[in-house]
Amino acid sequence: MENIQKAILDDLPAQARYLSFLLKPGADPRPVLQQLALQSDGRTIVVGLGQSLLLALDAKVPGMTGAPVFSGAGIDIPSTPMALWLWVRGEDRGELVQRCHGLLQLLTPAFSLVLDIDAFLYAGGRDLSGYEDGTENPSGQAARDVAFVQSDQPGLCGSSFVAVQQWFHDLDGFKALPQSEQDDTIGRRLSDNEEFESAPLSAHVKRTAQESYTPQAFMLRRSMPWR
């Protein structure tokens, strides 16, 4: 798997931007994508191709599907598919701004920017709630097995499937809770990140247990706070 996008396993950068695009009606994306491929090293830029873009390219990727829509009491989780997604990574904010400006100039002939989200590293990889994020991520070879497709099909081996989510948190409401209720909401203690064996069924750790799926559905989470 020589063509993997290595940043998927790299440590989180100090700064990042998430750029999401739709394909312009009637535009041919091929020339632009060829230029993008020359600039995307898999370290500073991670590229994701959406279903609509793949269809425009007459490409079929086994297992590729759109995100489902969820609704519950007082909450809706929509599905907002994009044609192209970039995770642009860096350590210097100014350099990151310059790189994104160049990417936007490159992509404008064929793509329309829909979302431009600034992200950053907080407290070594914690969520803004203060809790460690991605504690259950696999590591080493297990992480590679989860993050990258192993297949005999041309062009598929070494690729990854990405589900992109943007979450809005009520931090004021959460931080107003007693510490014990905050811990029960996550299912871990803030002080030492220890998971509760008797965490409530509503706790984050209970609702995201990857072993509870049939077949088991392990994934690698890479999240950063944003504003």
# chains A, B, ... in the order shown; residues from 1 in each chain; ligands from 1
$ closest_atom_pairs --of "range 142-219 of chain A" --to "range 100-120 of chain A" --cutoff "12 Å" --atoms "only C-alpha atoms" --output "Markdown table"
| residue | atom | partner | partner_atom | distance |
| --- | --- | --- | --- | --- |
| A:Gln165 | CA | A:Ile117 | CA | 11.8 |
| A:Gln166 | CA | A:Ile117 | CA | 9.5 |
| A:Trp167 | CA | A:Ile117 | CA | 11.9 |
$ residues_around --residues "Ser159 in chain A" --least-positions-apart "4" --cutoff "7 Å" --atoms "only C-alpha atoms" --output "list in words"
Ile4, Phe148 and Val149 of chain A
$ residues_around --residues "Ala199 in chain A" --least-positions-apart "3" --cutoff "7 Å" --atoms "only C-alpha atoms" --output "short mmCIF file (atom, residue, chain, number, x, y, z; two decimals) with C-alpha atoms, in the first residue's frame"
data_model
loop_
_atom_site.label_atom_id
_atom_site.label_comp_id
_atom_site.auth_asym_id
_atom_site.auth_seq_id
_atom_site.Cartn_x
_atom_site.Cartn_y
_atom_site.Cartn_z
CA ASP A 184 -21.49 10.14 33.36
CA GLY A 187 -18.53 7.57 30.54
CA PHE A 196 -16.63 3.49 34.03
CA ALA A 203 -23.01 7.71 27.99
#
$ select_by_dssp --residues "range 60-203 of chain A" --states "helix (DSSP H, G or I)" --output "number ranges by chain"
A: 93-107, 140-147, 171-175, 179-186
$ write_last_selection --atoms "N, CA, C and O atoms" --output "compact mmCIF listing (two decimals), in the first residue's frame"
# COMPACT_ATOMS: atom_id res chain seq x y z
N ARG A 93 -0.23 29.07 11.05
CA ARG A 93 -1.53 29.51 10.55
C ARG A 93 -1.40 30.31 9.25
O ARG A 93 -2.19 30.14 8.32
N GLY A 94 -0.42 31.19 9.20
CA GLY A 94 -0.23 31.99 7.99
C GLY A 94 0.08 31.14 6.78
O GLY A 94 -0.47 31.36 5.69
N GLU A 95 0.95 30.16 6.96
CA GLU A 95 1.30 29.27 5.85
C GLU A 95 0.09 28.47 5.41
O GLU A 95 -0.12 28.22 4.21
N LEU A 96 -0.76 28.10 6.37
CA LEU A 96 -1.96 27.33 6.05
C LEU A 96 -2.94 28.18 5.24
O LEU A 96 -3.56 27.70 4.28
N VAL A 97 -3.07 29.44 5.62
CA VAL A 97 -3.95 30.35 4.88
C VAL A 97 -3.48 30.50 3.44
O VAL A 97 -4.28 30.47 2.49
N GLN A 98 -2.17 30.64 3.26
CA GLN A 98 -1.62 30.79 1.91
C GLN A 98 -1.86 29.53 1.08
O GLN A 98 -2.21 29.61 -0.11
N ARG A 99 -1.68 28.37 1.69
CA ARG A 99 -1.86 27.12 0.95
C ARG A 99 -3.33 26.95 0.54
O ARG A 99 -3.63 26.54 -0.59
N CYS A 100 -4.25 27.27 1.45
CA CYS A 100 -5.67 27.15 1.12
C CYS A 100 -6.07 28.15 0.04
O CYS A 100 -6.91 27.84 -0.82
N HIS A 101 -5.49 29.33 0.06
CA HIS A 101 -5.79 30.32 -0.98
C HIS A 101 -5.39 29.77 -2.35
O HIS A 101 -6.14 29.90 -3.33
N GLY A 102 -4.22 29.13 -2.42
CA GLY A 102 -3.79 28.53 -3.68
C GLY A 102 -4.70 27.40 -4.12
O GLY A 102 -5.00 27.25 -5.31
N LEU A 103 -5.16 26.59 -3.17
CA LEU A 103 -6.07 25.49 -3.51
C LEU A 103 -7.40 26.01 -4.03
O LEU A 103 -7.96 25.46 -4.98
N LEU A 104 -7.91 27.08 -3.43
CA LEU A 104 -9.17 27.65 -3.89
C LEU A 104 -9.04 28.19 -5.31
O LEU A 104 -9.94 28.03 -6.14
N GLN A 105 -7.91 28.83 -5.61
CA GLN A 105 -7.69 29.32 -6.97
C GLN A 105 -7.64 28.16 -7.96
O GLN A 105 -8.17 28.25 -9.08
N LEU A 106 -7.01 27.06 -7.55
CA LEU A 106 -6.90 25.90 -8.41
C LEU A 106 -8.26 25.27 -8.68
O LEU A 106 -8.57 24.88 -9.82
N LEU A 107 -9.10 25.18 -7.65
CA LEU A 107 -10.35 24.42 -7.75
C LEU A 107 -11.52 25.23 -8.29
O LEU A 107 -12.52 24.65 -8.73
N GLY A 140 -0.80 1.18 15.89
CA GLY A 140 0.11 0.29 15.19
C GLY A 140 -0.52 -0.34 13.96
O GLY A 140 -1.23 0.30 13.20
N GLN A 141 -0.28 -1.65 13.78
CA GLN A 141 -0.78 -2.34 12.61
C GLN A 141 -2.30 -2.39 12.62
O GLN A 141 -2.95 -2.35 11.56
N ALA A 142 -2.90 -2.45 13.81
CA ALA A 142 -4.36 -2.47 13.88
C ALA A 142 -4.95 -1.19 13.31
O ALA A 142 -5.99 -1.21 12.65
N ALA A 143 -4.28 -0.06 13.53
CA ALA A 143 -4.75 1.20 12.98
C ALA A 143 -4.66 1.20 11.47
O ALA A 143 -5.57 1.68 10.78
N ARG A 144 -3.58 0.66 10.92
CA ARG A 144 -3.44 0.57 9.46
C ARG A 144 -4.51 -0.33 8.86
O ARG A 144 -5.08 -0.04 7.80
N ASP A 145 -4.79 -1.44 9.55
CA ASP A 145 -5.81 -2.37 9.05
C ASP A 145 -7.19 -1.71 9.01
O ASP A 145 -7.99 -1.98 8.11
N VAL A 146 -7.46 -0.86 10.00
CA VAL A 146 -8.76 -0.20 10.07
C VAL A 146 -8.84 0.96 9.08
O VAL A 146 -9.87 1.18 8.44
N ALA A 147 -7.75 1.71 8.94
CA ALA A 147 -7.79 2.97 8.19
C ALA A 147 -7.68 2.79 6.67
O ALA A 147 -8.15 3.66 5.93
N LEU A 171 -21.36 23.93 25.16
CA LEU A 171 -20.32 23.85 26.18
C LEU A 171 -20.73 24.55 27.46
O LEU A 171 -20.39 24.09 28.56
N ASP A 172 -21.46 25.65 27.34
CA ASP A 172 -21.90 26.35 28.56
C ASP A 172 -22.81 25.44 29.39
O ASP A 172 -22.66 25.33 30.61
N GLY A 173 -23.76 24.78 28.71
CA GLY A 173 -24.65 23.88 29.42
C GLY A 173 -23.92 22.69 30.01
O GLY A 173 -24.19 22.28 31.15
N PHE A 174 -22.97 22.13 29.24
CA PHE A 174 -22.23 20.97 29.71
C PHE A 174 -21.37 21.31 30.92
O PHE A 174 -21.36 20.59 31.92
N LYS A 175 -20.66 22.42 30.85
CA LYS A 175 -19.74 22.79 31.93
C LYS A 175 -20.49 23.25 33.18
O LYS A 175 -19.90 23.32 34.28
N GLN A 179 -19.50 17.84 38.16
CA GLN A 179 -18.47 17.03 37.53
C GLN A 179 -18.90 15.58 37.37
O GLN A 179 -18.59 14.93 36.37
N SER A 180 -19.61 15.06 38.35
CA SER A 180 -20.06 13.66 38.26
C SER A 180 -21.00 13.46 37.07
O SER A 180 -20.95 12.42 36.41
N GLU A 181 -21.86 14.44 36.78
CA GLU A 181 -22.78 14.33 35.64
C GLU A 181 -22.02 14.48 34.33
O GLU A 181 -22.37 13.82 33.34
N GLN A 182 -21.01 15.33 34.30
CA GLN A 182 -20.17 15.43 33.10
C GLN A 182 -19.50 14.09 32.82
O GLN A 182 -19.47 13.62 31.67
N ASP A 183 -18.95 13.49 33.86
CA ASP A 183 -18.28 12.19 33.69
C ASP A 183 -19.26 11.12 33.22
O ASP A 183 -18.93 10.30 32.35
N ASP A 184 -20.49 11.12 33.77
CA ASP A 184 -21.49 10.14 33.36
C ASP A 184 -21.92 10.37 31.91
O ASP A 184 -22.24 9.41 31.20
N THR A 185 -21.93 11.61 31.46
CA THR A 185 -22.30 11.91 30.08
C THR A 185 -21.29 11.31 29.11
O THR A 185 -21.65 10.77 28.06
N ILE A 186 -20.02 11.38 29.47
CA ILE A 186 -18.95 10.83 28.61
C ILE A 186 -18.73 9.35 28.89
O ILE A 186 -18.46 8.55 27.98
$ atom_distance --atom1 "CA of Ser223 in chain A" --atom2 "CA of Ser52 in chain A"
24.4 Å
$ atom_distance --atom1 "CA of Leu86 in chain A" --atom2 "CA of Leu55 in chain A"
18.6 Å
